[in-house]
Every structure is written in C-alpha cells, then in structure tokens.
$ cat data-v1.pdb   # PDB, C-alpha atoms
MODEL        1
ATOM      1  CA  ASN A  18     -10.678   5.087 -15.756
ATOM      2  CA  THR A  19      -8.743   5.750 -12.597
ATOM      3  CA  TYR A  20      -8.010   9.066 -10.991
ATOM      4  CA  ILE A  21      -4.658  10.213  -9.632
ATOM      5  CA  LEU A  22      -4.383  12.610  -6.723
ATOM      6  CA  MET A  23      -1.012  14.004  -5.641
ATOM      7  CA  LEU A  24      -0.836  14.857  -1.958
ATOM      8  CA  SER A  25       1.569  17.195  -0.205
ATOM      9  CA  ARG A  26       2.810  15.575   2.970
ATOM     10  CA  VAL A  27       1.308  17.171   6.065
ATOM     11  CA  ILE A  28       2.306  16.189   9.592
ATOM     12  CA  ILE A  29      -0.720  16.237  11.850
ATOM     13  CA  ASN A  30       0.578  17.214  15.260
ATOM     14  CA  ALA A  31      -2.524  15.997  17.069
ATOM     15  CA  VAL A  32      -1.585  12.407  16.324
ATOM     16  CA  PHE A  33       1.753  12.757  18.054
ATOM     17  CA  GLY A  34       0.261  14.196  21.248
ATOM     18  CA  LEU A  35      -2.394  11.546  21.617
ATOM     19  CA  PHE A  36      -2.425   9.083  24.454
ATOM     20  CA  VAL A  37      -3.945   5.712  23.589
ATOM     21  CA  PHE A  38      -4.923   3.506  26.484
ATOM     22  CA  LEU A  39      -4.441  -0.212  26.047
ATOM     23  CA  VAL A  40      -6.111  -2.541  28.479
ATOM     24  CA  GLY A  41      -5.027  -6.130  29.093
ATOM     25  CA  ALA A  42      -7.725  -7.871  31.122
ATOM     26  CA  THR A  43      -6.973 -10.309  33.901
ATOM     27  CA  VAL A  44      -9.187 -11.989  36.453
ATOM     28  CA  VAL A  45      -7.352 -10.089  39.210
ATOM     29  CA  ASN A  46      -6.854  -6.597  37.779
ATOM     30  CA  ALA A  47      -6.039  -4.838  34.496
ATOM     31  CA  ALA A  48      -2.908  -3.186  33.135
ATOM     32  CA  ALA A  49      -3.638   0.294  31.768
ATOM     33  CA  ILE A  50      -0.737   1.562  29.657
ATOM     34  CA  GLY A  51      -0.671   4.992  28.044
ATOM     35  CA  VAL A  52       1.449   5.355  24.898
ATOM     36  CA  SER A  53       2.611   8.687  23.464
ATOM     37  CA  PRO A  54       3.184   9.250  20.618
ATOM     38  CA  VAL A  55       1.384   6.477  18.758
ATOM     39  CA  ARG A  56       3.686   6.808  15.735
ATOM     40  CA  VAL A  57       7.360   7.698  15.228
ATOM     41  CA  THR A  58       8.802   9.496  12.196
ATOM     42  CA  LEU A  59      12.574   9.483  11.672
ATOM     43  CA  SER A  60      14.708  11.156   9.018
ATOM     44  CA  ASP A  61      18.279  11.993   8.135
ATOM     45  CA  LYS A  62      17.929  15.078  10.378
ATOM     46  CA  GLN A  63      16.188  13.231  13.217
ATOM     47  CA  LYS A  64      17.676   9.780  13.677
ATOM     48  CA  ILE A  65      16.364   9.263  17.213
ATOM     49  CA  GLY A  66      12.754   9.342  18.410
ATOM     50  CA  THR A  67      11.204   8.750  21.829
ATOM     51  CA  ILE A  68       8.085   7.012  23.113
ATOM     52  CA  THR A  69       6.705   7.382  26.628
ATOM     53  CA  LEU A  70       4.827   4.518  28.272
ATOM     54  CA  ARG A  71       2.796   5.338  31.367
ATOM     55  CA  ASN A  72       1.463   2.705  33.771
ATOM     56  CA  ASP A  73      -1.765   3.903  35.383
ATOM     57  CA  GLY A  74      -2.395   0.497  36.944
ATOM     58  CA  THR A  75      -1.703  -0.701  40.454
ATOM     59  CA  ASN A  76       0.871  -3.366  39.537
ATOM     60  CA  PRO A  77       4.273  -3.138  37.789
ATOM     61  CA  VAL A  78       4.187  -4.254  34.141
ATOM     62  CA  PRO A  79       7.219  -6.081  32.668
ATOM     63  CA  MET A  80       7.569  -5.619  28.897
ATOM     64  CA  GLN A  81       9.871  -6.335  25.981
ATOM     65  CA  LEU A  82      10.357  -4.601  22.614
ATOM     66  CA  GLU A  83      10.944  -5.899  19.114
ATOM     67  CA  ALA A  84      11.448  -3.866  15.916
ATOM     68  CA  LEU A  85      10.469  -5.489  12.595
ATOM     69  CA  LYS A  86      10.498  -4.296   9.009
ATOM     70  CA  TRP A  87       6.956  -3.773   7.703
ATOM     71  CA  SER A  88       5.634  -4.462   4.218
ATOM     72  CA  LYS A  89       2.434  -5.775   2.674
ATOM     73  CA  GLU A  90       1.689  -8.564   0.225
ATOM     74  CA  GLU A  91      -1.781  -8.811  -1.306
ATOM     75  CA  GLY A  92      -3.162  -6.618   1.440
ATOM     76  CA  GLU A  93      -1.677  -8.652   4.294
ATOM     77  CA  ASP A  94       0.949  -7.322   6.711
ATOM     78  CA  VAL A  95       4.384  -8.937   6.438
ATOM     79  CA  PHE A  96       6.995  -8.512   9.181
ATOM     80  CA  THR A  97      10.655  -9.464   8.852
ATOM     81  CA  SER A  98      13.626  -9.251  11.199
ATOM     82  CA  THR A  99      15.808  -6.171  10.838
ATOM     83  CA  ARG A 100      18.871  -4.524  12.370
ATOM     84  CA  GLU A 101      18.105  -1.177  10.741
ATOM     85  CA  LEU A 102      16.397   0.156  13.878
ATOM     86  CA  ILE A 103      17.678   0.274  17.442
ATOM     87  CA  VAL A 104      15.087   0.190  20.241
ATOM     88  CA  SER A 105      16.157   0.727  23.836
ATOM     89  CA  PRO A 106      15.724  -0.630  26.386
ATOM     90  CA  PRO A 107      14.679  -3.999  24.902
ATOM     91  CA  ILE A 108      13.353  -5.324  28.253
ATOM     92  CA  PHE A 109      12.052  -3.224  31.152
ATOM     93  CA  THR A 110       9.433  -2.986  33.893
ATOM     94  CA  ILE A 111       7.097   0.011  34.237
ATOM     95  CA  PRO A 112       6.401   0.578  37.939
ATOM     96  CA  ALA A 113       2.840   1.113  39.129
ATOM     97  CA  GLY A 114       1.982   4.765  38.605
ATOM     98  CA  GLY A 115       5.295   5.307  36.818
ATOM     99  CA  SER A 116       6.557   5.704  33.263
ATOM    100  CA  GLN A 117       9.264   4.435  30.926
ATOM    101  CA  LEU A 118      11.022   6.346  28.156
ATOM    102  CA  LEU A 119      11.860   4.341  25.021
ATOM    103  CA  ARG A 120      14.320   5.431  22.362
ATOM    104  CA  VAL A 121      14.036   4.474  18.705
ATOM    105  CA  GLY A 122      17.153   5.032  16.607
ATOM    106  CA  LEU A 123      18.076   4.705  12.953
ATOM    107  CA  ARG A 124      21.233   2.639  12.610
ATOM    108  CA  GLY A 125      22.137   3.669   9.059
ATOM    109  CA  ALA A 126      21.092   6.285   6.519
ATOM    110  CA  PRO A 127      17.543   6.687   5.149
ATOM    111  CA  ASP A 128      16.756   5.460   1.672
ATOM    112  CA  ALA A 129      17.525   8.115  -0.930
ATOM    113  CA  LYS A 130      14.124   7.990  -2.668
ATOM    114  CA  ARG A 131      11.612   5.872  -0.710
ATOM    115  CA  GLU A 132      10.117   5.967   2.747
ATOM    116  CA  LEU A 133      10.959   2.961   4.935
ATOM    117  CA  ALA A 134       8.328   1.377   7.176
ATOM    118  CA  TYR A 135       8.741  -0.561  10.424
ATOM    119  CA  ARG A 136       6.670  -1.571  13.426
ATOM    120  CA  ILE A 137       7.680  -1.752  17.067
ATOM    121  CA  PHE A 138       5.939  -4.525  18.985
ATOM    122  CA  LEU A 139       5.367  -3.973  22.712
ATOM    123  CA  GLN A 140       4.766  -7.276  24.499
ATOM    124  CA  GLU A 141       3.769  -7.597  28.142
ATOM    125  CA  LEU A 142       5.746 -10.378  29.821
ATOM    126  CA  PRO A 143       4.009 -12.912  32.088
ATOM    127  CA  PRO A 144       4.482 -12.317  35.827
ATOM    128  CA  PRO A 145       6.293 -14.853  38.003
ATOM    129  CA  PRO A 146       4.045 -17.836  38.797
ATOM    130  CA  SER A 147       2.090 -17.530  42.028
ATOM    131  CA  PRO A 148       0.792 -20.575  43.905
ATOM    132  CA  ASP A 149      -2.273 -18.567  44.974
ATOM    133  CA  PHE A 150      -3.338 -17.641  41.417
ATOM    134  CA  ASN A 151      -5.521 -20.141  39.515
ATOM    135  CA  GLY A 152      -7.010 -17.935  36.800
ATOM    136  CA  ALA A 153      -5.878 -16.751  33.380
ATOM    137  CA  LYS A 154      -4.156 -13.503  32.466
ATOM    138  CA  MET A 155      -4.441 -11.718  29.127
ATOM    139  CA  LEU A 156      -1.075 -10.260  28.139
ATOM    140  CA  MET A 157      -1.022  -6.959  26.267
ATOM    141  CA  ARG A 158       0.573  -6.858  22.802
ATOM    142  CA  VAL A 159       0.470  -3.782  20.612
ATOM    143  CA  SER A 160       2.452  -2.446  17.663
ATOM    144  CA  LEU A 161       3.363   1.117  16.705
ATOM    145  CA  PRO A 162       4.391   2.230  13.194
ATOM    146  CA  VAL A 163       7.781   3.815  12.548
ATOM    147  CA  PHE A 164       8.396   5.642   9.271
ATOM    148  CA  VAL A 165      11.787   6.829   8.002
ATOM    149  CA  LEU A 166      11.524   9.662   5.493
ATOM    150  CA  PRO A 167      13.717   9.562   2.366
ATOM    151  CA  LYS A 168      16.204  12.273   1.513
ATOM    152  CA  VAL A 169      13.886  13.638  -1.200
ATOM    153  CA  ALA A 170      10.347  14.976  -0.721
ATOM    154  CA  ALA A 171       7.999  12.206   0.429
ATOM    155  CA  ASN A 172       4.423  12.153  -0.905
ATOM    156  CA  PRO A 173       1.785   9.516  -1.561
ATOM    157  CA  LEU A 174       0.394   9.364  -5.107
ATOM    158  CA  LEU A 175      -3.115   7.951  -5.102
ATOM    159  CA  ARG A 176      -5.266   6.232  -7.721
ATOM    160  CA  TRP A 177      -8.910   5.684  -6.786
ATOM    161  CA  GLN A 178     -11.200   3.286  -8.627
ATOM    162  CA  ALA A 179     -14.868   2.301  -8.211
ATOM    163  CA  VAL A 180     -16.188  -0.908  -9.800
ATOM    164  CA  ARG A 181     -19.641  -2.507  -9.658
ATOM    165  CA  THR A 182     -19.255  -6.194  -8.834
ATOM    166  CA  SER A 183     -21.324  -9.066 -10.239
ATOM    167  CA  ASP A 184     -23.476  -9.217  -7.095
ATOM    168  CA  GLY A 185     -24.346  -5.514  -7.228
ATOM    169  CA  SER A 186     -21.840  -4.321  -4.628
ATOM    170  CA  LEU A 187     -19.441  -1.438  -5.128
ATOM    171  CA  LYS A 188     -15.699  -2.038  -4.738
ATOM    172  CA  ILE A 189     -13.643   1.043  -3.900
ATOM    173  CA  SER A 190      -9.919   0.552  -4.569
ATOM    174  CA  LEU A 191      -6.962   2.742  -3.682
ATOM    175  CA  THR A 192      -3.426   2.268  -5.034
ATOM    176  CA  ASN A 193      -0.474   4.233  -3.672
ATOM    177  CA  ASP A 194       2.092   4.900  -6.409
ATOM    178  CA  GLY A 195       4.019   7.489  -4.391
ATOM    179  CA  ASN A 196       7.166   7.233  -2.284
ATOM    180  CA  ALA A 197       5.448   7.534   1.135
ATOM    181  CA  HIS A 198       2.602   5.823   2.972
ATOM    182  CA  ILE A 199      -0.883   7.160   3.569
ATOM    183  CA  GLN A 200      -3.379   6.192   6.279
ATOM    184  CA  ILE A 201      -7.047   6.366   5.314
ATOM    185  CA  ILE A 202      -8.975   7.124   8.498
ATOM    186  CA  ASN A 203     -12.439   7.267   6.931
ATOM    187  CA  PHE A 204     -14.099   8.247   3.684
ATOM    188  CA  SER A 205     -17.547   9.127   2.365
ATOM    189  CA  LEU A 206     -19.179   9.033  -1.060
ATOM    190  CA  SER A 207     -21.640  11.523  -2.523
ATOM    191  CA  LYS A 208     -23.778  11.240  -5.633
ATOM    192  CA  PRO A 209     -23.571  13.873  -8.388
ATOM    193  CA  GLY A 210     -25.326  17.108  -7.443
ATOM    194  CA  SER A 211     -25.606  16.158  -3.762
ATOM    195  CA  ALA A 212     -23.569  17.667  -0.967
ATOM    196  CA  GLN A 213     -24.729  15.000   1.493
ATOM    197  CA  PRO A 214     -22.817  11.688   1.554
ATOM    198  CA  TRP A 215     -24.883   8.618   0.799
ATOM    199  CA  ILE A 216     -22.415   6.317   2.508
ATOM    200  CA  SER A 217     -19.590   6.724   5.032
ATOM    201  CA  GLN A 218     -16.901   4.144   5.737
ATOM    202  CA  LYS A 219     -14.564   3.891   8.719
ATOM    203  CA  ALA A 220     -11.152   2.638   7.608
ATOM    204  CA  SER A 221      -7.951   3.332   9.617
ATOM    205  CA  ASP A 222      -5.994   1.414   6.980
ATOM    206  CA  TYR A 223      -2.438   2.056   5.790
ATOM    207  CA  ALA A 224      -1.509   1.997   2.097
ATOM    208  CA  LEU A 225       2.260   1.542   2.006
ATOM    209  CA  ILE A 226       4.362   2.297  -1.061
ATOM    210  CA  GLY A 227       3.134   0.347  -4.097
ATOM    211  CA  GLN A 228       0.254  -1.225  -2.150
ATOM    212  CA  SER A 229      -3.517  -1.224  -2.707
ATOM    213  CA  LEU A 230      -6.534  -1.189  -0.413
ATOM    214  CA  ASP A 231     -10.026  -2.464  -1.265
ATOM    215  CA  TRP A 232     -13.376  -1.811   0.413
ATOM    216  CA  ILE A 233     -16.536  -3.706  -0.593
ATOM    217  CA  LEU A 234     -19.751  -1.723  -0.090
ATOM    218  CA  PRO A 235     -22.742  -4.054  -0.472
ATOM    219  CA  ALA A 236     -26.107  -2.809  -1.686
ATOM    220  CA  SER A 237     -28.436  -1.899   1.157
ATOM    221  CA  ALA A 238     -32.020  -0.831   1.750
ATOM    222  CA  ASP A 239     -30.586   2.467   3.018
ATOM    223  CA  TYR A 240     -28.847   3.305  -0.251
ATOM    224  CA  SER A 241     -28.512   2.094  -3.836
ATOM    225  CA  ILE A 242     -25.267   1.492  -5.686
ATOM    226  CA  PRO A 243     -24.738   4.048  -8.498
ATOM    227  CA  LYS A 244     -24.972   2.758 -12.044
ATOM    228  CA  SER A 245     -21.920   2.230 -14.214
ATOM    229  CA  GLY A 246     -20.820   5.459 -15.856
ATOM    230  CA  THR A 247     -21.829   7.575 -12.846
ATOM    231  CA  THR A 248     -19.215   9.903 -11.402
ATOM    232  CA  ILE A 249     -19.216   9.937  -7.614
ATOM    233  CA  GLN A 250     -17.502  12.376  -5.268
ATOM    234  CA  LEU A 251     -15.139  10.869  -2.702
ATOM    235  CA  PHE A 252     -14.074  12.671   0.474
ATOM    236  CA  ALA A 253     -11.444  11.089   2.741
ATOM    237  CA  GLU A 254      -9.781  11.962   6.028
ATOM    238  CA  THR A 255      -6.134  10.861   6.027
ATOM    239  CA  ASP A 256      -2.937  11.388   7.997
ATOM    240  CA  ALA A 257      -1.778  13.605   5.101
ATOM    241  CA  GLY A 258      -4.818  15.872   5.350
ATOM    242  CA  ASP A 259      -8.344  15.817   3.929
ATOM    243  CA  ILE A 260      -8.659  14.904   0.257
ATOM    244  CA  GLU A 261     -11.388  14.662  -2.351
ATOM    245  CA  ALA A 262     -11.589  13.107  -5.786
ATOM    246  CA  GLU A 263     -14.099  12.392  -8.526
ATOM    247  CA  VAL A 264     -14.295   8.705  -9.346
ATOM    248  CA  LEU A 265     -16.067   7.110 -12.321
ATOM    249  CA  VAL A 266     -18.030   3.932 -11.511
ATOM    250  CA  LEU A 267     -16.874   1.174 -13.857
ATOM    251  CA  PRO A 268     -18.894  -1.918 -14.818
TER     252      PRO A 268
ENDMDL
END
$ encode --input "data-v1.pdb" --output "structure tokens"
Amino acid sequence: NTYILMLSRVIINAVFGLFVFLVGATVVNAAAIGVSPVRVTLSDKQKIGTITLRNDGTNPVPMQLEALKWSKEEGEDVFTSTRELIVSPPIFTIPAGGSQLLRVGLRGAPDAKRELAYRIFLQELPPPPSPDFNGAKMLMRVSLPVFVLPKVAANPLLRWQAVRTSDGSLKISLTNDGNAHIQIINFSLSKPGSAQPWISQKASDYALIGQSLDWILPASADYSIPKSGTTIQLFAETDAGDIEAEVLVLP
C-alpha cells in the first residue's frame, strides 16, 4: 500500500534571499564567495533571472559558467549539454571585495505540461602560475539548480512507502509522479498515538519528475523498527511547504 499526497506549489521566499558562502581552501588564502539566490525559477512570464556573486576575499577570483540539462537515472544525477539556457557572462573575474551579476535566460518556450530542470556550474579558474608559489590550491566548483515552470499548474505528486528489509532496517521510499520537482529537506517519523518523533532524518534531496528517493534507516539501540502492518506518521519539511502522511509499514 502506498500513499499519494498532492501538494500545492508554494514558493518559499526565504530560499531566494539566502546567501550561501562557499570556501575554496588554499595554502595561501581562501576565496569566500557569496551566492544569492541559491536557486533560479524561470517561466513563460519570467524568461530572465539574475544571480549575484560577491567576493569577500582579498584576491580577485576568475570564474566560468556552464549550463547543463539535469535529470536522474536510478537515483544518480545525469547532466547533458544544452542550448536551452543562456548564461552570461560565461567567463568573468570577481574583484576582491566586489560583486558580479549573472543573467540566466530561457532561449525558447517552456514545456507545455512539465517542469524543466537544469544546473548552472560555477567553476573557479586557476590563477596564472607564479614562480614563488610551491603549494596546492583548491578550486571552488558549485552548482545551482534552475527550474523552468510549465504553462500549466506545476505540482509534485508524492507516493510514500515504508518497507521492512531482510536485515531489520526500514526503507522509506518517495516517488514523484507530478509535473514538478520537490526537495525534501528533512523528515521525521512518529509511531501511532505518539506526537514525538522516534527518528529524524536530514535529507536535502531533490525528487525530479518521475524519480524516486530511498532512505535506509537501520535498527538502533535508540529506537526499534515498527512491525509490518503498523501505520506510522511521516512529517517532512520541503521546498513546497511542510507535509505529513500516514504510511503503512510493509513486510
């Protein structure tokens, strides 16, 4: 038995105002780059988005951009070349204490029925060789998701499942049958009749359209795995809002 939960799409503004600091360590000094927002959403009404990079370090940081189409196969990320997005400028240098504005544009029209998913890869370029430098430098590389909404309403459609495995663990599975992604930030499980969760799980995983996510929760001295036939309560924090569902534990 699996349970289906239909979610209304909710844009969480806090995500788009967040600055995430990314540190690339080097034996001399570190590059501290602030990125805002950490995700871009485009649509037929908004075909151009912007990203601001801020260099709080003491040295200029040369970087290049690459936009790739994003999908998943058997839970693994797959990236393919695409000309559907325009990112500008493709190569630039952020001065020390300065910032750089990036533009992300949709070249064509959105899909009529399904959300499209991409990732922008930000790659720090190596500095010119210096005869006085004998160490190693770690170059920063980070990716940001870009979602293009379809022309119809976009919502994830979730199926949760809980299965006891042969070794006594509990496998929690999520399948997204909707036409938009969902990001599971964390979730907790409660036993019947208890308002207190008996286990909490950090996630930060994306379920793209038609994809599944699995979490294996091994038995522990701190908690016991519910028996087959037990209905557990699941609470999850997601980028589409907080959700809850009752899930039957299968053998």
$ resolve_selection --input "data-v1.pdb" --expression "the PyMOL selection byres ((chain A and resi 250-253) around 8)" --output "ChimeraX atom specification"
/A:201-209,248-249,254-255,259-264
$ closest_residue --input "data-v1.pdb" --among "A:Ser221, A:Thr99, A:Arg120, A:Pro77" --to "Pro54 in chain A" --atoms "only C-alpha atoms"
A:Arg120
$ resolve_selection --input "data-v1.pdb" --expression "the PyMOL selection byres ((chain A and resi 243) around 9)" --output "PDB file with C-alpha atoms, keeping the file's coordinate frame"
ATOM      1  CA  ARG A 181     -19.641  -2.507  -9.658  1.00  0.00           C
ATOM      2  CA  LEU A 187     -19.441  -1.438  -5.128  1.00  0.00           C
ATOM      3  CA  LYS A 208     -23.778  11.240  -5.633  1.00  0.00           C
ATOM      4  CA  SER A 241     -28.512   2.094  -3.836  1.00  0.00           C
ATOM      5  CA  ILE A 242     -25.267   1.492  -5.686  1.00  0.00           C
ATOM      6  CA  LYS A 244     -24.972   2.758 -12.044  1.00  0.00           C
ATOM      7  CA  SER A 245     -21.920   2.230 -14.214  1.00  0.00           C
ATOM      8  CA  GLY A 246     -20.820   5.459 -15.856  1.00  0.00           C
ATOM      9  CA  THR A 247     -21.829   7.575 -12.846  1.00  0.00           C
ATOM     10  CA  THR A 248     -19.215   9.903 -11.402  1.00  0.00           C
ATOM     11  CA  ILE A 249     -19.216   9.937  -7.614  1.00  0.00           C
ATOM     12  CA  VAL A 266     -18.030   3.932 -11.511  1.00  0.00           C
TER      13      VAL A 266
END
$ closest_residue --input "data-v1.pdb" --among "A:Leu82, A:Leu166, A:Leu118, A:Leu102" --to "Ser60 in chain A" --atoms "all atoms listed in the file"
A:Leu166
$ closest_residue --input "data-v1.pdb" --among "A:Ala134, A:Ile50, A:Met80, A:Leu225" --to "Ile108 in chain A" --atoms "all atoms listed in the file"
A:Met80
$ atom_distance --input "data-v1.pdb" --atom1 "CA of Ala49 in chain A" --atom2 "CA of Thr97 in chain A"
28.7 Å
